[in-house]
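Undergrad: Handing you a structure now.
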2 protein chains.
Amino acid sequence: MATGYHHGDFTLPGEAGYEQLTLELAKKWGADVIRDSDGTKLSDEIVEAGYRIYSTICIIREHNAFATAHPDTQQQTFLCSDPVLAEGETLIIEPLKGYFEEQFRLNDTPEALEYWQVWDRTADAPVPDDSWTYADGKITVANAVPWHRYTASFLCWRIWEEINMYNHTTNSWTSEHLMQLDPRHPLAWAYLQKWLEDWCEANPQTDVIRLTSLFYNFVWIFGSDMRRRTRFVDWASYDFTVSPAALKAFEKEYGYALTAEDFINKGLLQATHRPPTARKRDYMDFIQRFVAEKARTLVEIIHRHGKQAYVFYDDSWVGMEPSGKYFASVGFDGLIKCVFSGFECRLCADAKVPVHELRFHPYLFPVGLGGLPTFSEGGHPERDAMDYWLHVRRALLRQSVDRIGLGGYLHLTNGFPAFVEAIEQMAVDFRRIKALHAEGAPATLPVTVAVLHTWGSLRPWTLSGHFHETNENALIHINEALSGLPVNVKFISFEDVAAGALEGVNVVVNAGRAGDAWSGGEAWNDPALVSTLTRFVHEGGAFIGVGEPSARRGGDTCFALAHVLGVDLDDGRYACHAKWEAGESLGESLPVEAMALPENPGIRLTDPNTVVISGDSAAPRATLHAFGKGCGAYLTGFAYSPEAASALMALILRVTGAQTGDVPMSDNPLVEAAWFEKSGALIALNNSGESVRANLSLKGKTHTLSLGPYALMALENVAAD
Amino acid sequence: MATGYHHGDFTLPGEAGYEQLTLELAKKWGADVIRDSDGTKLSDEIVEAGYRIYSTICIIREHNAFATAHPDTQQQTFLCSDPVLAEGETLIIEPLKGYFEEQFRLNDTPEALEYWQVWDRTADAPVPDDSWTYADGKITVANAVPWHRYTASFLCWRIWEEINMYNHTTNSWTSEHLMQLDPRHPLAWAYLQKWLEDWCEANPQTDVIRLTSLFYNFVWIFGSDMRRRTRFVDWASYDFTVSPAALKAFEKEYGYALTAEDFINKGLLQATHRPPTARKRDYMDFIQRFVAEKARTLVEIIHRHGKQAYVFYDDSWVGMEPSGKYFASVGFDGLIKCVFSGFECRLCADAKVPVHELRFHPYLFPVGLGGLPTFSEGGHPERDAMDYWLHVRRALLRQSVDRIGLGGYLHLTNGFPAFVEAIEQMAVDFRRIKALHAEGAPATLPVTVAVLHTWGSLRPWTLSGHFHETNENALIHINEALSGLPVNVKFISFEDVAAGALEGVNVVVNAGRAGDAWSGGEAWNDPALVSTLTRFVHEGGAFIGVGEPSARRGGDTCFALAHVLGVDLDDGRYACHAKWEAGESLGESLPVEAMALPENPGIRLTDPNTVVISGDSAAPRATLHAFGKGCGAYLTGFAYSPEAASALMALILRVTGAQTGDVPMSDNPLVEAAWFEKSGALIALNNSGESVRANLSLKGKTHTLSLGPYALMALENVAAD
């Protein structure tokens, strides 16, 4: 097993004009597939070199001629005007004022106007339809209450496909703005099916169509003022799926009508980080079924032409949650996920689809997503790649995927030989890990951790997009840590708890901010939820609360599980009530400082038996609280690092009392390990860029290792003693 | 006017056994009155020395023989047990578990039990009376829902007068515990009137009875565990006024019954810092009338004996707000307020009563209220006194009182000659300031500042007790700053705004935390309030919001006046919404850094025209926002210092555009000044312990001064040019 792992399961982005480089790197990195990318083509020389070929298609854009001829087939959204103050009884609202005029155009057709609304935001009430009129792009409100603030909610066309818009405005592109079609429009849908048929006919060399991705982009709303260019961006919002046709179809099916306010929500929209209304849930399910049905038709076309259909999980992915109820029904042959992090790897690996492929970062592009140089002067793409790889590799060690790959302009690797070497090593490590999994799973602790939040299994592992898009939320850091720990992980919703989801669970994690979707908000006002979790812990389970867990309004405590945690958040309610002084810590010495626990001055001890393990009575940062046969643990926050992941592992062992058994434990927080019993292999990962030593204990034996920077080390024939 | 000011308006605590010291200090400090104190007596020699005599009476305590003979005449309170978890369908609650057994005794008489309640706190519902029973000090709950938490609300006797309890437990006293009588009990009331008659008869030498104070102490609840000795303390709560008799009288008068839950409020009680319920407001008014009526009877007795009645505003003051509707009706001859701060001086000065007297700190006692040494080894009572004096003096410069004085054990001044000198100087300064006011008021800016909060004019200046008891609230710091600024100040409630209280107001200040009584909480959901203030600013007023001003739940913004301020608090609602980047600051350079503005990471700009004057877009700490003809100003907080007060003055001038006119302005923030036109005197205060220079500008002239530490400097004959 010491040699090999130099070929296969690797997707290389080829580039016409760089045929030699393409074939050279294909060999060096062991590619079996060559793909095109957004902006690159494959030449005949590449296509005929004996590799499988992926071709990238973004199904809803690059149809400008059709869209221009049929502008009403474009996609739409609801928007809300900025509020206008009534200084008298009449006022004028210019709906799109403050929005990017190249992204939006008012939809003032009769069928759209039917859905427009004007709201008195001061009184929190809609203005009767007979008190406002629309003409020439302006709304006139009559009978206004002076000194109240008014907004208009309206439909508009989205006339610039958002990924194209982003690339244009970021890179000062001057090419034609790409438009996007709504597959709900019968004309567009007929056109798209035909177009795909034609494409398949015209591209016999393609083995796999890589859909980037389906129909509706995540929500990305630009403003006209460069001091707030992006007004709103949510990777998991559904606003861009809306249209009068969708609303009418919804009403017909559900028996009730959605209104603009169901989307606009006082102008705040309905971000994924906030608990959804029941109506939003209905709408999401409605869209998911529509997306799955239409996607299934496309996949059938692709299959009929003897090709496979892989889907990329980003950009126009909305409605296609891979763990949702309808994903499997589409019949995709593969799921491709671009990854910076371990949690994204687990998310991909969990999907019910034959092939799971990771697209690594950095993309072969002059600058990265954050705008910093990568393959250009000042860039260090090999460092970026290794940094992401350290996150991904530890997740792969727990659960493998089938393939890896890259994307972008291959010629940009010229001048970055360290990157080329790094990718080669990553590919070798990946294939080794994949082979071990193929022989048998690594040993796992008899511990199941259930992450509890509003979205449950619909949104496992992720919050809303990549790590750096949601890194202000402690939960994404927790998920990242969990992605590489030797425990079973599942994601459950509050409804799941009622349905018995705690069966077999040892640890429940709830991590969020008061009122958000991750903490749960008003869900915690359900006495059944609270008592089920109370019983769960009292009978021996553990509850780890992070940030403002189980926070709700209206109860006698802010945290519904304050009695389990032994701490609560003072949201003002404890005015004049003294805090408990901390007692003895009884020798608890968990390395929780590594979690970078923030100060939350509102946290207070509510029980004399709560043990402070970080901070003090005035500002506890981490606590333990024995409750019945179980335990509540509280952390003010959690920031991912290898050390923090190691500390979380120690905390899980402490609160569950689990024995490590045949799971190797490292005494160095920078080193993690896994034991593959079937292979007799003990694998150690150095999760850092420095040389380290570690003692790994496994079944009573200690293995002392020295690992170079980033090293994966394998001890073979470690024993079944 | 340069000499004099050495006699009068000074109350000295005399002490039997120290006759020579008493008379010596009386002369040195210019006393015209000698008083006794809690723990000291006056000897004949002192009483007959030609001074007016105050005698201290605490009317409801020191009647242990009567209280022992009639234990049901003692005072009571509602308490709430700690929650008990139901592990099955039956559970036992020991109501007083966790409370200090020397303070409370269960009142399980039939008339009290009628008011007891058991609550399912998990379901937030009362348990039906037929599902629980009480016997032998324990409550047994049947038909409990397993894993729910239950509490009992119950009445108990307060068997130890709280001020005595505090002194006992703090100083390890061993004397008999003093009990306290409830004047609502007919037996007690008859006894107290008789006792006062007898006392007056027996003490013909007394000129003034100094009541310390009336009937009901502020709420001070001790726990049994020394790690949380004080469970709850609120200087302005009314819980200690309750009894079955009070509840029955209330029900008879108001036509509805209060329940235990009206006081217990989920176990959180109803602290002054939280917005009250309508029922609590009714109850407070009910108690205020009762207290005023009973106090009036006592004052009539005192007057009938040719004595005067002064009342001390602390300890058992509850129901006697000096600015309340009923205070004047009592007929007190004087109000005595102990002061650490300027706001307390203004509070006293505002009361409608013939004589206003301040009792200075430190009290002549070995240790201070905070437990640190004063008149004992390690103490520096002269420093403490001067520190408080700097606060009080600047308030006196704006509005004088009639008298000052001290309290405690006079002999403790032995060995502290610097204190004796400091008091002499303070007395001289006080008399000089009082004489100036007598000639004519100092010049004031044409600016009226209205502090807007839930309690309005019922609770002007104070929050709940002394500065150090409420110093976590920005508002007390603001009030302290305002107490010495040359502006008119009033305190208004949200109801007052509806009744036209903004007439004549130039600046509205709202300073508090989301949901508290100072910010206002749900009051801000009233569109009329919001639009009245919107109009007020739009038409030229200024709104200064501090902390989480106008915060409410349920609106489209967290701050109801976010549109006026140009900032809002992100309580999670703005997930995925971008912040505005700050624009140019347009040369605004107010010295707001002196306000010690804390970071509030949730604050964000909501308007491109908001000007950040401290902090940046990511974390604005102070902002200005032009709104119509007026201005909104936002501060994350405010901590009092002379420099902060000076900065607040500058901010008020900026947002009002007021001209300073004949109000002198200092270029040194440590120096404040006032011009007394009638006296032709320009008075400058050095608000620091260092030597300073300052230029005072007045009507176009500049006066350059050098002031020694703590100095009050008077420029005479400054002129009416």
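Labels for the structure tokens follow display order: chains A, B, ..., residues from 1 in each chain, ligands from 1.
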Counting only C-alpha atoms, collect the residues of chain B whose closest atom lies at most 8 Å from chain A, and write them out as a PyMOL selection string.

TA: chain B and resi 121-124+146-148+227-228+230-234+266-268+271+273-274+513-516+526-527+530-532+534-535+555-556+572-582+608

Undergrad: What parts of segment 512-598 of chain A does DSSP call strand (DSSP E)? I'd like the answer as a list of chain:residue names.

TA: A:Gly512, A:Ala542, A:Phe543, A:Ile544, A:Gly545, A:Val546, A:Gly547, A:Val567, A:Asp568, A:Leu569

Undergrad: For Ile53 of chain B, find every residue with an atom within 12 Å (counting only C-alpha atoms), except residues of its own chain fewer than 4 positions away, and show them as a count of residues only.

TA: 32

Undergrad: List the neighbours of Tyr313 of chain A out to 8 Å using only C-alpha atoms; skip same-chain residues closer than 3 positions along the sequence, and give me the result as a PyMOL selection string.

TA: chain A and resi 212-213+317+335-338

Undergrad: Using N, CA and C atoms, can you export the residues from the last selection as a PDB file, in the first residue's frame?

TA:
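Listed below is the output, selection-v5.pdb:
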```
ATOM      1  N   THR A 212     -24.231  23.730 -14.430  1.00  0.00           N
ATOM      2  CA  THR A 212     -23.809  24.778 -13.476  1.00  0.00           C
ATOM      3  C   THR A 212     -24.838  25.894 -13.429  1.00  0.00           C
ATOM      4  N   SER A 213     -25.851  25.657 -12.723  1.00  0.00           N
ATOM      5  CA  SER A 213     -26.289  24.435 -12.068  1.00  0.00           C
ATOM      6  C   SER A 213     -27.686  24.210 -12.596  1.00  0.00           C
ATOM      7  N   TRP A 317     -28.507  27.040  -7.884  1.00  0.00           N
ATOM      8  CA  TRP A 317     -28.840  25.738  -7.286  1.00  0.00           C
ATOM      9  C   TRP A 317     -30.196  25.742  -6.609  1.00  0.00           C
ATOM     10  N   LEU A 335     -22.771  14.532  -8.207  1.00  0.00           N
ATOM     11  CA  LEU A 335     -22.901  15.848  -7.566  1.00  0.00           C
ATOM     12  C   LEU A 335     -21.500  16.408  -7.391  1.00  0.00           C
ATOM     13  N   ILE A 336     -21.301  17.627  -7.845  1.00  0.00           N
ATOM     14  CA  ILE A 336     -19.994  18.275  -7.715  1.00  0.00           C
ATOM     15  C   ILE A 336     -20.124  19.444  -6.761  1.00  0.00           C
ATOM     16  N   LYS A 337     -19.278  19.455  -5.762  1.00  0.00           N
ATOM     17  CA  LYS A 337     -19.336  20.540  -4.763  1.00  0.00           C
ATOM     18  C   LYS A 337     -17.977  21.208  -4.709  1.00  0.00           C
ATOM     19  N   CYS A 338     -17.952  22.503  -4.859  1.00  0.00           N
ATOM     20  CA  CYS A 338     -16.683  23.198  -4.654  1.00  0.00           C
ATOM     21  C   CYS A 338     -16.486  23.393  -3.175  1.00  0.00           C
TER      22      CYS A 338
END
```

Undergrad: Between atom CA of Met595 of chain A and atom CA of His477 of chain A, what is the distance, to one decimal in Å?

TA: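 Going from atom CA of Met595 of chain A over to atom CA of His477 of chain A, I get 9.6 Å.
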
Undergrad: Apply DSSP to the structure's backbone, then extract all residues of segment 55-145 of chain B labelled helix (DSSP H, G or I) and return them as a PyMOL selection string.

TA: chain B and resi 64-69+71-73+110-113+129-131

Undergrad: Using only C-alpha atoms, please write the residues we just selected to a file, as a PDB file, in the first residue's frame.

TA:
```
ATOM      1  CA  ASN B  64     -40.474  44.552  69.060  1.00  0.00           C
ATOM      2  CA  ALA B  65     -42.594  44.053  72.152  1.00  0.00           C
ATOM      3  CA  PHE B  66     -45.727  45.004  70.283  1.00  0.00           C
ATOM      4  CA  ALA B  67     -44.717  43.018  67.197  1.00  0.00           C
ATOM      5  CA  THR B  68     -44.022  39.949  69.303  1.00  0.00           C
ATOM      6  CA  ALA B  69     -47.411  40.255  70.982  1.00  0.00           C
ATOM      7  CA  PRO B  71     -47.020  38.985  65.014  1.00  0.00           C
ATOM      8  CA  ASP B  72     -49.698  39.383  62.363  1.00  0.00           C
ATOM      9  CA  THR B  73     -49.098  43.157  62.355  1.00  0.00           C
ATOM     10  CA  PRO B 110     -56.215  30.996  55.347  1.00  0.00           C
ATOM     11  CA  GLU B 111     -56.452  34.582  54.109  1.00  0.00           C
ATOM     12  CA  ALA B 112     -52.897  34.376  52.749  1.00  0.00           C
ATOM     13  CA  LEU B 113     -53.206  30.881  51.250  1.00  0.00           C
ATOM     14  CA  ASP B 129     -55.982  24.905  42.748  1.00  0.00           C
ATOM     15  CA  ASP B 130     -57.349  21.391  43.050  1.00  0.00           C
ATOM     16  CA  SER B 131     -54.073  19.946  41.768  1.00  0.00           C
TER      17      SER B 131
END
```

Undergrad: May I ask which of the residues A:Met179, A:Leu410, A:Val537, A:Leu364 is the closest one to Gly17 of chain A, counting only C-alpha atoms?

TA: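 Comparing A:Met179, A:Leu410, A:Val537, A:Leu364 against Gly17 of chain A, the winner is A:Leu410.
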
Undergrad: I'd like the neighbourhood of Gly512 of chain B as a compact mmCIF listing (two decimals) with N, CA and C atoms, in the first residue's frame, where a residue qualifies if any of its atoms comes within 8 Å (using only C-alpha atoms), though same-chain residues fewer than 4 positions away should be ignored.

TA:
```txt
# COMPACT_ATOMS: atom_id res chain seq x y z
N ASN B 473 -26.33 51.61 33.87
CA ASN B 473 -27.27 52.25 32.95
C ASN B 473 -26.70 53.59 32.46
N ALA B 474 -26.61 53.76 31.18
CA ALA B 474 -26.08 55.01 30.64
C ALA B 474 -26.89 56.20 31.13
N LEU B 475 -28.19 56.00 31.34
CA LEU B 475 -29.04 57.15 31.66
C LEU B 475 -28.63 57.86 32.94
N ASP B 516 -35.94 47.89 28.22
CA ASP B 516 -35.99 48.32 29.61
C ASP B 516 -36.87 49.57 29.77
N ALA B 517 -37.07 49.95 31.01
CA ALA B 517 -37.98 51.06 31.29
C ALA B 517 -37.40 52.38 30.80
N TRP B 518 -36.10 52.45 30.64
CA TRP B 518 -35.47 53.72 30.25
C TRP B 518 -35.53 53.89 28.74
N SER B 519 -35.30 52.81 28.02
CA SER B 519 -35.48 52.87 26.57
C SER B 519 -36.97 52.92 26.26
N GLY B 520 -37.75 52.07 26.89
CA GLY B 520 -39.20 52.16 26.75
C GLY B 520 -39.89 50.89 26.30
N VAL B 546 -29.28 57.01 23.09
CA VAL B 546 -28.08 56.45 23.72
C VAL B 546 -28.32 54.97 24.02
N GLY B 547 -27.39 54.15 23.59
CA GLY B 547 -27.48 52.72 23.87
C GLY B 547 -28.38 52.03 22.87
N GLU B 548 -29.59 51.68 23.31
CA GLU B 548 -30.56 51.03 22.44
C GLU B 548 -31.88 51.82 22.51
N PRO B 549 -31.81 53.07 22.06
CA PRO B 549 -32.95 53.97 22.20
C PRO B 549 -34.11 53.55 21.30
```

Undergrad: Work out how far apart atom CA of Leu298 of chain A and atom CA of Leu187 of chain A are and give it in Å to one decimal.

TA: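 Going from atom CA of Leu298 of chain A over to atom CA of Leu187 of chain A, I get 15.6 Å.
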
Undergrad: Skipping near chain neighbours, those fewer than 5 positions away, what residues fall within 8 Å of Phe104 of chain B using only C-alpha atoms, listed as a list in words?

TA: Leu96, Tyr99, Cys156, Trp157, Arg158, Ile159 and Trp160 of chain B

Undergrad: Next, dump the selected residues to file, keeping only C-alpha atoms, as a compact mmCIF listing (two decimals), in the first residue's frame.

TA:
```
# COMPACT_ATOMS: atom_id res chain seq x y z
CA LEU B 96 -38.77 29.10 51.25
CA TYR B 99 -34.31 32.17 51.03
CA CYS B 156 -44.58 35.40 53.79
CA TRP B 157 -43.94 37.62 56.76
CA ARG B 158 -40.82 39.73 56.74
CA ILE B 159 -39.61 39.17 60.27
CA TRP B 160 -36.47 41.29 60.20
```

Undergrad: Tell me which protein, DNA and RNA residues are within 12 Å of Ala645 of chain A, counting only C-alpha atoms, leaving out same-chain ones fewer than 3 positions away, and put them as an mmCIF file with N, CA and C atoms, in the first residue's frame.

TA:
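Everything below was put into part09.cif:
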```cif
data_model
loop_
_atom_site.group_PDB
_atom_site.id
_atom_site.type_symbol
_atom_site.label_atom_id
_atom_site.label_comp_id
_atom_site.auth_asym_id
_atom_site.auth_seq_id
_atom_site.Cartn_x
_atom_site.Cartn_y
_atom_site.Cartn_z
ATOM 1 N N GLY A 342 -14.107 21.336 5.399
ATOM 2 C CA GLY A 342 -14.485 19.961 5.675
ATOM 3 C C GLY A 342 -15.980 19.739 5.663
ATOM 4 N N HIS A 391 -8.424 21.382 5.809
ATOM 5 C CA HIS A 391 -9.810 21.283 6.279
ATOM 6 C C HIS A 391 -10.515 20.084 5.647
ATOM 7 N N ARG A 394 -9.259 16.147 6.654
ATOM 8 C CA ARG A 394 -9.701 15.492 7.893
ATOM 9 C C ARG A 394 -11.153 15.025 7.781
ATOM 10 N N ALA A 395 -11.940 15.737 6.956
ATOM 11 C CA ALA A 395 -13.315 15.273 6.714
ATOM 12 C C ALA A 395 -13.307 14.017 5.855
ATOM 13 N N HIS A 477 -18.577 26.928 12.516
ATOM 14 C CA HIS A 477 -17.299 26.506 13.098
ATOM 15 C C HIS A 477 -17.443 25.148 13.791
ATOM 16 N N ILE A 478 -18.560 24.970 14.458
ATOM 17 C CA ILE A 478 -18.836 23.678 15.110
ATOM 18 C C ILE A 478 -18.943 22.580 14.051
ATOM 19 N N ASN A 479 -19.712 22.880 12.998
ATOM 20 C CA ASN A 479 -19.873 21.881 11.925
ATOM 21 C C ASN A 479 -18.525 21.534 11.310
ATOM 22 N N GLU A 480 -17.688 22.553 11.127
ATOM 23 C CA GLU A 480 -16.370 22.299 10.552
ATOM 24 C C GLU A 480 -15.553 21.392 11.471
ATOM 25 N N ALA A 481 -15.624 21.661 12.762
ATOM 26 C CA ALA A 481 -14.907 20.800 13.712
ATOM 27 C C ALA A 481 -15.456 19.372 13.651
ATOM 28 N N LEU A 482 -16.792 19.249 13.681
ATOM 29 C CA LEU A 482 -17.425 17.925 13.675
ATOM 30 C C LEU A 482 -17.100 17.148 12.405
ATOM 31 N N SER A 483 -16.869 17.853 11.297
ATOM 32 C CA SER A 483 -16.669 17.159 10.011
ATOM 33 C C SER A 483 -15.471 16.224 10.041
ATOM 34 N N GLY A 484 -14.548 16.443 10.983
ATOM 35 C CA GLY A 484 -13.367 15.582 11.047
ATOM 36 C C GLY A 484 -13.240 14.806 12.344
ATOM 37 N N LEU A 485 -14.271 14.828 13.170
ATOM 38 C CA LEU A 485 -14.190 14.101 14.445
ATOM 39 C C LEU A 485 -14.749 12.686 14.295
ATOM 40 N N PRO A 486 -14.205 11.747 15.074
ATOM 41 C CA PRO A 486 -14.633 10.344 14.975
ATOM 42 C C PRO A 486 -15.940 10.068 15.703
ATOM 43 N N PRO A 591 -9.552 21.763 27.616
ATOM 44 C CA PRO A 591 -8.788 22.808 26.906
ATOM 45 C C PRO A 591 -9.691 23.740 26.120
ATOM 46 N N VAL A 592 -10.743 24.234 26.772
ATOM 47 C CA VAL A 592 -11.737 25.026 26.045
ATOM 48 C C VAL A 592 -11.234 26.395 25.600
ATOM 49 N N GLU A 593 -10.142 26.864 26.201
ATOM 50 C CA GLU A 593 -9.617 28.165 25.766
ATOM 51 C C GLU A 593 -9.311 28.145 24.268
ATOM 52 N N ALA A 594 -8.955 26.977 23.753
ATOM 53 C CA ALA A 594 -8.629 26.862 22.327
ATOM 54 C C ALA A 594 -9.829 27.180 21.443
ATOM 55 N N MET A 595 -11.021 27.183 22.028
ATOM 56 C CA MET A 595 -12.221 27.452 21.224
ATOM 57 C C MET A 595 -12.400 28.948 20.946
ATOM 58 N N ALA A 596 -11.494 29.764 21.498
ATOM 59 C CA ALA A 596 -11.569 31.223 21.301
ATOM 60 C C ALA A 596 -12.935 31.744 21.740
ATOM 61 N N PHE A 638 -17.612 29.626 19.544
ATOM 62 C CA PHE A 638 -16.684 28.597 19.105
ATOM 63 C C PHE A 638 -16.088 29.068 17.801
ATOM 64 N N ALA A 639 -14.764 29.119 17.729
ATOM 65 C CA ALA A 639 -14.095 29.474 16.473
ATOM 66 C C ALA A 639 -13.227 28.302 16.060
ATOM 67 N N TYR A 640 -13.403 27.837 14.822
ATOM 68 C CA TYR A 640 -12.688 26.648 14.386
ATOM 69 C C TYR A 640 -11.189 26.857 14.295
ATOM 70 N N SER A 641 -10.464 25.888 14.773
ATOM 71 C CA SER A 641 -9.024 25.719 14.555
ATOM 72 C C SER A 641 -8.783 24.253 14.853
ATOM 73 N N PRO A 642 -7.671 23.698 14.444
ATOM 74 C CA PRO A 642 -7.411 22.299 14.819
ATOM 75 C C PRO A 642 -7.478 22.117 16.338
ATOM 76 N N LEU A 648 -13.154 20.346 21.323
ATOM 77 C CA LEU A 648 -14.544 19.899 21.213
ATOM 78 C C LEU A 648 -14.633 18.389 21.414
ATOM 79 N N MET A 649 -13.633 17.684 20.848
ATOM 80 C CA MET A 649 -13.587 16.233 21.050
ATOM 81 C C MET A 649 -13.482 15.921 22.541
ATOM 82 N N ALA A 650 -12.597 16.642 23.244
ATOM 83 C CA ALA A 650 -12.420 16.409 24.684
ATOM 84 C C ALA A 650 -13.713 16.701 25.438
ATOM 85 N N LEU A 651 -14.412 17.755 25.029
ATOM 86 C CA LEU A 651 -15.669 18.109 25.695
ATOM 87 C C LEU A 651 -16.715 17.024 25.457
ATOM 88 N N ILE A 652 -16.775 16.517 24.231
ATOM 89 C CA ILE A 652 -17.750 15.453 23.923
ATOM 90 C C ILE A 652 -17.451 14.207 24.749
ATOM 91 N N ASN A 668 -1.510 15.578 20.784
ATOM 92 C CA ASN A 668 -1.177 16.866 20.177
ATOM 93 C C ASN A 668 -2.405 17.372 19.416
ATOM 94 N N PRO A 669 -2.940 18.523 19.807
ATOM 95 C CA PRO A 669 -4.179 18.977 19.168
ATOM 96 C C PRO A 669 -4.026 19.272 17.675
ATOM 97 N N LEU A 670 -2.795 19.348 17.191
ATOM 98 C CA LEU A 670 -2.611 19.594 15.759
ATOM 99 C C LEU A 670 -2.667 18.299 14.952
ATOM 100 N N VAL A 671 -2.716 17.187 15.656
ATOM 101 C CA VAL A 671 -2.676 15.887 14.969
ATOM 102 C C VAL A 671 -3.973 15.119 15.236
ATOM 103 N N GLU A 672 -4.562 14.624 14.159
ATOM 104 C CA GLU A 672 -5.720 13.737 14.290
ATOM 105 C C GLU A 672 -5.399 12.393 13.645
ATOM 106 N N ASN A 687 -2.407 18.513 10.966
ATOM 107 C CA ASN A 687 -3.328 19.561 10.507
ATOM 108 C C ASN A 687 -2.685 20.943 10.529
#
```

Undergrad: Measure the distance from atom CA of Thr606 of chain B to atom CA of Pro601 of chain A in Å and round it to one decimal.

TA: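 Atom CA of Pro601 of chain A lies at a distance of 26.1 Å from atom CA of Thr606 of chain B.
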
Undergrad: Taking only C-alpha atoms into account, name the residue in A:Ile301, A:Ser688, A:Lys294, A:Pro373 that is nearest to Asp387 of chain A.

TA: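 The answer is A:Ser688, which sits nearest to Asp387 of chain A.
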